[in-house]
>>> print(open('upload_12.txt').read())   # compact mmCIF, C-alpha atoms
# COMPACT_ATOMS: atom_id res chain seq x y z
CA MET T 1 46.86 -39.33 -10.12
CA LYS T 2 48.73 -36.11 -10.95
CA LYS T 3 47.46 -36.32 -14.53
CA LYS T 4 43.84 -36.64 -13.40
CA LEU T 5 44.28 -33.70 -11.04
CA ALA T 6 45.73 -31.59 -13.84
CA VAL T 7 42.78 -32.42 -16.13
CA PHE T 8 40.34 -31.59 -13.33
CA LEU T 9 41.98 -28.24 -12.68
CA LEU T 10 42.00 -27.45 -16.40
CA LEU T 11 38.29 -28.22 -16.74
CA THR T 12 37.52 -26.13 -13.66
CA ALA T 13 39.46 -23.19 -15.12
CA MET T 14 37.66 -23.51 -18.47
CA LEU T 15 34.26 -23.54 -16.77
CA GLY T 16 35.26 -20.47 -14.79
CA MET T 17 36.25 -18.67 -17.96
CA CYS T 18 32.94 -19.53 -19.59
CA ALA T 19 31.03 -18.29 -16.58
CA CYS T 20 32.94 -15.02 -16.47
CA GLY T 21 32.48 -14.43 -20.16
CA SER T 22 28.74 -15.14 -20.24
CA LYS T 23 26.23 -12.31 -20.32
CA ASP T 24 23.37 -11.88 -17.89
CA PRO T 25 20.05 -13.00 -19.34
CA GLU T 26 17.98 -10.20 -20.87
CA VAL T 27 15.68 -8.44 -18.45
CA THR T 28 12.20 -8.85 -19.88
CA PRO T 29 9.59 -6.09 -20.25
CA THR T 30 7.58 -7.76 -17.47
CA LYS T 31 10.54 -7.71 -15.10
CA THR T 32 11.21 -4.09 -16.05
CA VAL T 33 7.68 -2.98 -15.17
CA ASP T 34 7.77 -5.01 -11.95
CA THR T 35 11.02 -3.29 -10.95
CA PHE T 36 9.51 0.12 -11.77
CA LEU T 37 6.40 -0.43 -9.68
CA LYS T 38 8.32 -1.78 -6.70
CA ALA T 39 10.70 1.17 -6.91
CA ILE T 40 7.74 3.60 -6.81
CA GLN T 41 6.43 1.89 -3.68
CA ASP T 42 9.89 2.01 -2.10
CA GLU T 43 10.49 5.59 -3.31
CA ASP T 44 13.75 4.34 -4.81
CA GLN T 45 14.78 6.81 -7.50
CA ASP T 46 18.02 4.94 -8.22
CA ALA T 47 16.06 1.83 -9.18
CA ILE T 48 13.58 3.88 -11.21
CA LYS T 49 16.39 5.53 -13.16
CA LYS T 50 17.58 2.13 -14.40
CA VAL T 51 14.26 1.15 -15.99
CA TYR T 52 12.55 4.45 -16.84
CA GLU T 53 13.08 6.58 -19.95
CA GLU T 54 13.40 9.73 -17.85
CA SER T 55 15.90 10.17 -15.02
CA SER T 56 13.27 10.11 -12.28
CA PHE T 57 9.57 9.59 -11.59
CA ASP T 58 7.60 11.23 -8.78
CA ILE T 59 4.11 9.74 -8.67
CA GLY T 60 2.88 12.42 -6.26
CA LYS T 61 4.13 15.26 -8.45
CA GLU T 62 2.67 13.63 -11.59
CA ALA T 63 -0.73 13.25 -9.96
CA TRP T 64 -0.91 16.62 -8.21
CA ASP T 65 0.62 18.87 -10.88
CA ASP T 66 -1.98 17.93 -13.46
CA THR T 67 -4.74 18.73 -10.99
CA ASP T 68 -3.09 21.88 -9.69
CA GLY T 69 -2.15 23.18 -13.12
CA GLU T 70 1.41 24.02 -12.00
CA ASP T 71 4.63 22.70 -13.48
CA ASP T 72 6.33 22.25 -10.14
CA GLU T 73 4.99 21.69 -6.65
CA ASP T 74 7.61 24.12 -5.36
CA GLU T 75 5.75 26.90 -7.18
CA LEU T 76 3.08 26.75 -4.50
CA ASP T 77 3.52 29.88 -2.43
CA ALA T 78 3.41 30.20 1.34
CA SER T 79 -0.38 30.59 1.33
CA ASP T 80 -0.60 26.97 0.18
CA ASP T 81 1.20 25.49 3.18
CA SER T 82 -2.05 24.03 4.48
CA VAL T 83 -2.73 22.32 1.14
CA ARG T 84 0.86 21.08 0.97
CA ASN T 85 0.46 19.47 4.40
CA VAL T 86 -2.60 17.58 3.19
CA LEU T 87 -0.69 16.36 0.15
CA VAL T 88 2.23 15.17 2.26
CA LYS T 89 0.19 13.53 5.02
CA ASP T 90 -2.99 12.30 3.30
CA PHE T 91 -2.38 12.16 -0.44
CA TYR T 92 1.15 11.01 -1.28
CA PRO T 93 1.34 8.11 1.24
CA ARG T 94 -1.82 6.55 -0.21
CA LEU T 95 -0.54 6.87 -3.77
CA ILE T 96 2.29 4.41 -3.16
CA GLN T 97 0.11 1.88 -1.35
CA PHE T 98 -1.24 0.42 -4.58
CA GLU T 99 -1.29 -3.33 -5.16
CA TYR T 100 -0.60 -4.95 -8.51
CA LYS T 101 -0.52 -8.23 -10.39
CA MET T 102 1.56 -8.67 -13.54
CA GLY T 103 -0.34 -9.70 -16.65
CA GLU T 104 0.33 -10.32 -20.34
CA GLU T 105 3.52 -9.31 -22.13
CA LYS T 106 3.70 -8.56 -25.85
CA ILE T 107 6.88 -7.77 -27.79
CA ASP T 108 6.96 -6.25 -31.26
CA GLY T 109 10.55 -5.58 -32.31
CA ASP T 110 11.89 -2.80 -30.09
CA SER T 111 8.48 -2.03 -28.59
CA ALA T 112 6.56 -3.92 -25.94
CA THR T 113 3.48 -3.72 -23.74
CA VAL T 114 2.79 -5.25 -20.35
CA THR T 115 -0.62 -5.34 -18.71
CA VAL T 116 -0.90 -4.95 -14.95
CA ASP T 117 -3.95 -5.27 -12.72
CA ILE T 118 -3.90 -2.28 -10.36
CA THR T 119 -5.80 -2.07 -7.08
CA THR T 120 -5.62 1.17 -5.11
CA TYR T 121 -7.66 3.92 -3.45
CA LYS T 122 -10.23 5.94 -5.38
CA MET T 123 -7.98 8.97 -5.34
CA GLY T 124 -9.60 10.67 -8.34
CA ASP T 125 -13.19 10.43 -7.12
CA THR T 126 -12.09 11.53 -3.66
CA PHE T 127 -10.28 14.58 -5.02
CA VAL T 128 -13.32 15.56 -7.08
CA ALA T 129 -15.52 15.24 -3.99
CA GLY T 130 -13.10 17.40 -2.01
CA PHE T 131 -13.09 20.12 -4.65
CA LYS T 132 -16.88 20.06 -4.90
CA ASP T 133 -17.05 20.59 -1.16
CA PHE T 134 -14.60 23.49 -1.48
CA PHE T 135 -16.44 25.08 -4.42
CA SER T 136 -19.69 25.02 -2.45
CA GLN T 137 -18.01 27.39 0.01
CA ALA T 138 -15.89 29.36 -2.46
CA MET T 139 -18.44 32.04 -3.37
CA ASP T 140 -19.01 33.00 0.24
CA LEU T 141 -15.25 33.16 0.77
CA TYR T 142 -14.66 35.49 -2.17
CA ASN T 143 -17.65 37.66 -1.28
CA SER T 144 -16.25 38.07 2.21
CA ASN T 145 -12.86 39.10 0.78
CA ALA T 146 -11.18 36.14 2.45
CA SER T 147 -7.38 36.11 2.25
CA ASP T 148 -5.47 33.57 0.17
CA GLU T 149 -4.44 31.82 3.37
CA GLU T 150 -8.08 31.50 4.46
CA VAL T 151 -9.13 30.15 1.06
CA SER T 152 -6.28 27.62 1.07
CA LYS T 153 -7.23 26.54 4.58
CA VAL T 154 -10.80 25.81 3.50
CA MET T 155 -9.55 23.87 0.47
CA ALA T 156 -7.13 21.91 2.64
CA ASP T 157 -9.84 21.08 5.16
CA SER T 158 -12.14 19.85 2.38
CA LEU T 159 -9.45 17.64 0.85
CA HIS T 160 -8.29 16.32 4.22
CA LYS T 161 -11.82 15.37 5.22
CA LYS T 162 -12.29 13.32 2.05
CA LEU T 163 -8.81 11.80 1.78
CA SER T 164 -8.56 10.79 5.43
CA GLY T 165 -11.79 8.83 4.95
CA LEU T 166 -10.15 6.51 2.41
CA LYS T 167 -9.82 3.20 4.22
CA LYS T 168 -10.36 0.60 1.50
CA LYS T 169 -8.69 0.09 -1.88
CA GLU T 170 -11.73 -0.04 -4.12
CA TYR T 171 -10.27 1.27 -7.39
CA LYS T 172 -9.45 -1.58 -9.79
CA GLU T 173 -8.17 -1.15 -13.31
CA THR T 174 -6.00 -3.02 -15.82
CA ALA T 175 -3.18 -0.77 -16.97
CA THR T 176 -1.09 -1.24 -20.13
CA PHE T 177 2.51 -0.09 -19.82
CA HIS T 178 4.40 0.74 -23.02
CA LEU T 179 8.14 0.12 -23.24
CA SER T 180 10.94 0.63 -25.76
CA LYS T 181 14.29 -1.08 -26.15
CA GLU T 182 17.16 1.38 -25.82
CA ASN T 183 20.80 0.37 -26.06
CA GLY T 184 19.82 -3.26 -25.78
CA LYS T 185 17.63 -2.99 -22.68
CA TRP T 186 13.95 -2.38 -22.02
CA VAL T 187 12.85 0.93 -20.51
CA ILE T 188 9.39 2.26 -19.72
CA ASP T 189 8.24 5.12 -21.93
CA GLU T 190 7.45 8.42 -20.25
CA MET T 191 4.36 8.02 -18.10
CA ASP T 192 2.82 11.32 -19.19
CA ASP T 193 3.07 10.42 -22.91
CA ASP T 194 -0.12 9.53 -24.73
CA ASP T 195 0.63 5.78 -24.73
CA ASN T 196 1.16 5.57 -20.97
CA GLU T 197 -1.33 8.20 -19.80
CA ALA T 198 -4.01 5.57 -19.19
CA ALA T 199 -1.53 3.56 -17.12
CA LEU T 200 -0.68 6.68 -15.11
CA ASN T 201 -4.38 7.26 -14.54
CA ALA T 202 -4.82 3.70 -13.22
CA LEU T 203 -1.69 3.88 -11.09
CA THR T 204 -2.91 7.07 -9.40
CA GLY T 205 -6.42 5.83 -8.76
CA GLY T 206 -8.08 7.90 -11.47
CA MET T 207 -6.32 11.22 -10.94
CA MET T 208 -6.13 12.00 -14.67
CA ASP T 209 -9.91 11.55 -14.89
CA ALA T 210 -10.23 13.82 -11.86
CA THR T 211 -8.21 16.50 -13.62
CA ASN T 212 -10.68 16.63 -16.49
CA LYS T 213 -13.67 16.74 -14.16
CA ILE T 214 -12.19 19.52 -12.01
CA ASP T 215 -11.28 21.51 -15.12
CA LYS T 216 -14.91 21.34 -16.26
CA MET T 217 -16.07 22.38 -12.80
CA THR T 218 -13.85 25.48 -12.87
CA GLU T 219 -15.00 26.44 -16.37
CA LYS T 220 -18.58 26.88 -15.22
>>> encode(input="upload_12.txt", output="structure tokens")
Amino acid sequence: MKKKLAVFLLLTAMLGMCACGSKDPEVTPTKTVDTFLKAIQDEDQDAIKKVYEESSFDIGKEAWDDTDGEDDEDELDASDDSVRNVLVKDFYPRLIQFEYKMGEEKIDGDSATVTVDITTYKMGDTFVAGFKDFFSQAMDLYNSNASDEEVSKVMADSLHKKLSGLKKKEYKETATFHLSKENGKWVIDEMDDDDNEAALNALTGGMMDATNKIDKMTEK
């Protein structure tokens, strides 16, 4: 009886050693992208840092900065407080309300792609509509020597009117996320790089497309 007990204890110890010495299974590119998207929705920068090439990712900043033409939202001066309020209350919350379904994964050495079906609000089209509404009033504002605060207020009102009307998620696009293996684990390439720009556009409901359209509007 003692001999059987000793053998049992020895086997249990050996199994424990094997378990402690085993490595966690590799996190796949699909799981990496899934973690990234959930972290964006949860605004969890710690989780993003673990799966993203850069140290952080701010979807609101990525979407707005390209449209605004500034490198940092903090560069908006006091006259833009009304616009900032619209971004905080109407724009940013809708950006993280996207829905997604994981698709096909492809691995080629230390590179990989994962497709994701994105469903979200038509943020890009709505922003373009808001700026068109603002531009229709802009000439009268400048001719009347309106202050920067007054101009920003009109812009904010135009954007708020359009964004607050977004009730349904009607933007649907299949995004392809590009990843690289670094130090033995998969990470998502920078979202503003050429490879992932289309994915960023889909994730933000067409905001990259909106940037190009607004730029053309301002060039006229």
>>> closest_residue(input="upload_12.txt", among="T:Ser180, T:Ala199, T:Glu149, T:Asn212", to="Asp80 (chain T)", atoms="only C-alpha atoms")
T:Glu149
>>> atom_distance(input="upload_12.txt", atom1="CA of Ala112 (chain T)", atom2="CA of Gly124 (chain T)")
28.0 Å
>>> closest_residue(input="upload_12.txt", among="T:Thr126, T:Thr113, T:Thr30, T:Asn143", to="Ile214 (chain T)", atoms="only C-alpha atoms")
T:Thr126
>>> closest_residue(input="upload_12.txt", among="T:Asp209, T:Asp44, T:Asp140, T:Asp148", to="Asp58 (chain T)", atoms="only C-alpha atoms")
T:Asp44
>>> residues_around(input="upload_12.txt", residues="Glu197 (chain T)", least_positions_apart="4", cutoff="12 Å", atoms="all atoms listed in the file", output="list in words")
Glu62, Ala63, Asp66, Ala175, Thr176, Phe177, His178, Asp189, Glu190, Met191, Asp192, Asp193, Asn201, Ala202, Leu203, Thr204, Gly206, Met207, Met208 and Asp209 of chain T
>>> atom_distance(input="upload_12.txt", atom1="CA of Leu37 (chain T)", atom2="CA of Glu104 (chain T)")
15.8 Å
>>> atom_distance(input="upload_12.txt", atom1="CA of Asn145 (chain T)", atom2="CA of Lys213 (chain T)")
26.9 Å
>>> residues_around(input="upload_12.txt", residues="Lys168 (chain T)", least_positions_apart="3", cutoff="12 Å", atoms="only C-alpha atoms", output="list in words")
Arg94, Gln97, Phe98, Glu99, Thr119, Thr120, Tyr121, Lys122, Met123, Leu163, Ser164, Gly165, Tyr171 and Lys172 of chain T
>>> closest_residue(input="upload_12.txt", among="T:Asp108, T:Asp81, T:Glu170, T:Asp34", to="Glu150 (chain T)", atoms="only C-alpha atoms")
T:Asp81
>>> closest_residue(input="upload_12.txt", among="T:Met155, T:Gly103, T:Lys89, T:Leu200", to="Ile188 (chain T)", atoms="only C-alpha atoms")
T:Leu200
>>> closest_residue(input="upload_12.txt", among="T:Gly130, T:Gly184, T:Pro93, T:Gly205", to="Ser111 (chain T)", atoms="all atoms listed in the file")
T:Gly184
>>> residues_around(input="upload_12.txt", residues="Thr28 (chain T)", least_positions_apart="6", cutoff="9 Å", atoms="all atoms listed in the file", output="list in words")
Glu105, Lys185 and Trp186 of chain T
